[in-house]
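Visitor: Here it is: the structure, laid out below.
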Amino acid sequence: MKDVRILNDSEHFVAVYDKENLDYLGELMLPGVAMGSTKNGELIILKDENTSEFQFLNVIPASSQN
């Protein structure tokens, strides 16, 4: 029998890179599991697998906000 993995029992991170030169900017702890991304670059986050609650997250580095 295959083990069942409970996704929200773990911490999940994503690496963030600069769009222009691909320099590594750091990592970000996510409020759930990254399931994919949209055409607009938003991350699709599964916040609660029991209720199938999703969130769309747009990551904008602080240095890019003017």
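Ligands are numbered from 1 in the order shown, chains are lettered A, B, ... in the order of the structure tokens, and residues start at 1 in each chain.
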I need the strand (DSSP E) residues of chain A per DSSP on the backbone, written as a list in words.

Guide: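 Filtering chain A to strand (DSSP E) leaves His12, Phe13, Val14, Ala15, Val16, Tyr17, Tyr24, Leu25, Gly26, Glu27, Leu28, Met29, Leu30, Val33, Ala34, Met35, Gly36, Ser37, Leu43, Ile44, Ile45, Leu46, Lys47, Asp48, Glu53, Phe54, Gln55, Phe56 and Leu57 of chain A.
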
Visitor: Just want the 8 Å neighbourhood of A:Asn58, counted on only C-alpha atoms, with same-chain residues fewer than 5 positions away dropped. Output as a list of chain:residue names.

Guide: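 Contacts, in chain order: A:Gly41, A:Glu42, A:Leu43.
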
Visitor: Output N, CA, C and O atoms of each residue in that selection to a file, as a PDB file, in the first residue's frame.

Guide:
ATOM      1  N   GLY A  41       1.855  34.758 -14.334  1.00  0.00           N
ATOM      2  CA  GLY A  41       2.967  34.563 -13.411  1.00  0.00           C
ATOM      3  C   GLY A  41       2.580  34.417 -11.960  1.00  0.00           C
ATOM      4  O   GLY A  41       3.447  34.372 -11.089  1.00  0.00           O
ATOM      5  N   GLU A  42       1.290  34.363 -11.662  1.00  0.00           N
ATOM      6  CA  GLU A  42       0.863  34.161 -10.279  1.00  0.00           C
ATOM      7  C   GLU A  42       1.023  32.688  -9.905  1.00  0.00           C
ATOM      8  O   GLU A  42       0.781  31.811 -10.724  1.00  0.00           O
ATOM      9  N   LEU A  43       1.436  32.436  -8.669  1.00  0.00           N
ATOM     10  CA  LEU A  43       1.509  31.062  -8.174  1.00  0.00           C
ATOM     11  C   LEU A  43       0.122  30.613  -7.725  1.00  0.00           C
ATOM     12  O   LEU A  43      -0.612  31.379  -7.094  1.00  0.00           O
TER      13      LEU A  43
END

Visitor: Can you pull out the residues contacting A:Gly32? Cut-off 6 Å, using only C-alpha atoms, and skip same-chain residues under 5 positions away; I want them as a list in words.

Guide: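 Here the qualifying residues turn out to be Ile45, Leu46 and Lys47 of chain A.
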
Visitor: So that I have them on file, write out the residues from the current selection with N, CA, C and O atoms, as an mmCIF file, in the first residue's frame.

Guide:
data_model
loop_
_atom_site.group_PDB
_atom_site.id
_atom_site.type_symbol
_atom_site.label_atom_id
_atom_site.label_comp_id
_atom_site.auth_asym_id
_atom_site.auth_seq_id
_atom_site.Cartn_x
_atom_site.Cartn_y
_atom_site.Cartn_z
ATOM 1 N N ILE A 45 -1.674 28.446 -5.196
ATOM 2 C CA ILE A 45 -1.346 27.862 -3.892
ATOM 3 C C ILE A 45 -2.550 27.105 -3.353
ATOM 4 O O ILE A 45 -3.661 27.651 -3.292
ATOM 5 N N LEU A 46 -2.336 25.867 -2.958
ATOM 6 C CA LEU A 46 -3.360 25.096 -2.246
ATOM 7 C C LEU A 46 -3.185 25.398 -0.762
ATOM 8 O O LEU A 46 -2.235 24.932 -0.131
ATOM 9 N N LYS A 47 -4.058 26.239 -0.219
ATOM 10 C CA LYS A 47 -3.947 26.650 1.183
ATOM 11 C C LYS A 47 -4.447 25.588 2.143
ATOM 12 O O LYS A 47 -3.911 25.418 3.226
#

Visitor: Taking into account only C-alpha atoms, which residue in the set A:Val14, A:Asn21, A:Pro31, A:Asn8 is nearest to A:Thr51?

Guide: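 Among the listed residues, A:Asn8 lies closest to A:Thr51.
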
Visitor: Can you list, as a list of chain:residue names, every residue of chain A that DSSP puts in helix (DSSP H, G or I)?

Guide: A:Leu7, A:Asn8, A:Asp9, A:Ala62, A:Ser63, A:Ser64

Visitor: Which residue is closest to A:Asp9? Choose from A:Asp48, A:Leu25, A:Lys39, A:Ala34 and count only C-alpha atoms.

Guide: A:Asp48

Visitor: Given the choices A:Leu7, A:Ile44, A:Ile60, A:Val33, which gets closest to A:Lys19 if the distance is worked out from only C-alpha atoms?

Guide: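 When distances to A:Lys19 are compared using only C-alpha atoms, the smallest one comes from A:Ile60.
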
Visitor: Would you kindly return, as an NGL selection string, each protein, DNA or RNA residue with an atom no farther than 9 Å from any atom of A:Gly26, considering only C-alpha atoms and excluding same-chain residues fewer than 6 positions away?

Guide: :A and (14-17)

Visitor: Next, dump the selected residues to file, keeping only N, CA, C and O atoms, as a CSV table (one decimal), in the first residue's frame.

Guide:
chain,number,residue,atom,x,y,z
A,14,VAL,N,9.6,28.7,-2.2
A,14,VAL,CA,9.9,29.0,-3.6
A,14,VAL,C,11.1,29.9,-3.7
A,14,VAL,O,11.2,30.8,-2.9
A,15,ALA,N,12.0,29.6,-4.6
A,15,ALA,CA,13.1,30.4,-4.9
A,15,ALA,C,12.6,31.6,-5.8
A,15,ALA,O,11.8,31.4,-6.7
A,16,VAL,N,13.2,32.8,-5.5
A,16,VAL,CA,12.8,34.0,-6.3
A,16,VAL,C,14.0,34.5,-7.0
A,16,VAL,O,15.1,34.7,-6.4
A,17,TYR,N,13.8,34.7,-8.4
A,17,TYR,CA,14.9,35.2,-9.2
A,17,TYR,C,14.5,36.5,-9.9
A,17,TYR,O,13.3,36.7,-10.2

Visitor: Atom CA of A:Leu28 to atom CA of A:Asn40: how many Å, to one decimal?

Guide: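 Calculated distance between atom CA of A:Leu28 and atom CA of A:Asn40 is 18.8 Å.
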
Visitor: Identify, on the basis of only C-alpha atoms, every residue whose closest approach to A:Met29 does not exceed 8 Å; exclude the query and any residue fewer than 5 positions from it along the same chain; express the result as a list in words.

Guide: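 Final neighbour list, sorted by chain and number: Glu11, His12, Phe13 and Val14 of chain A.
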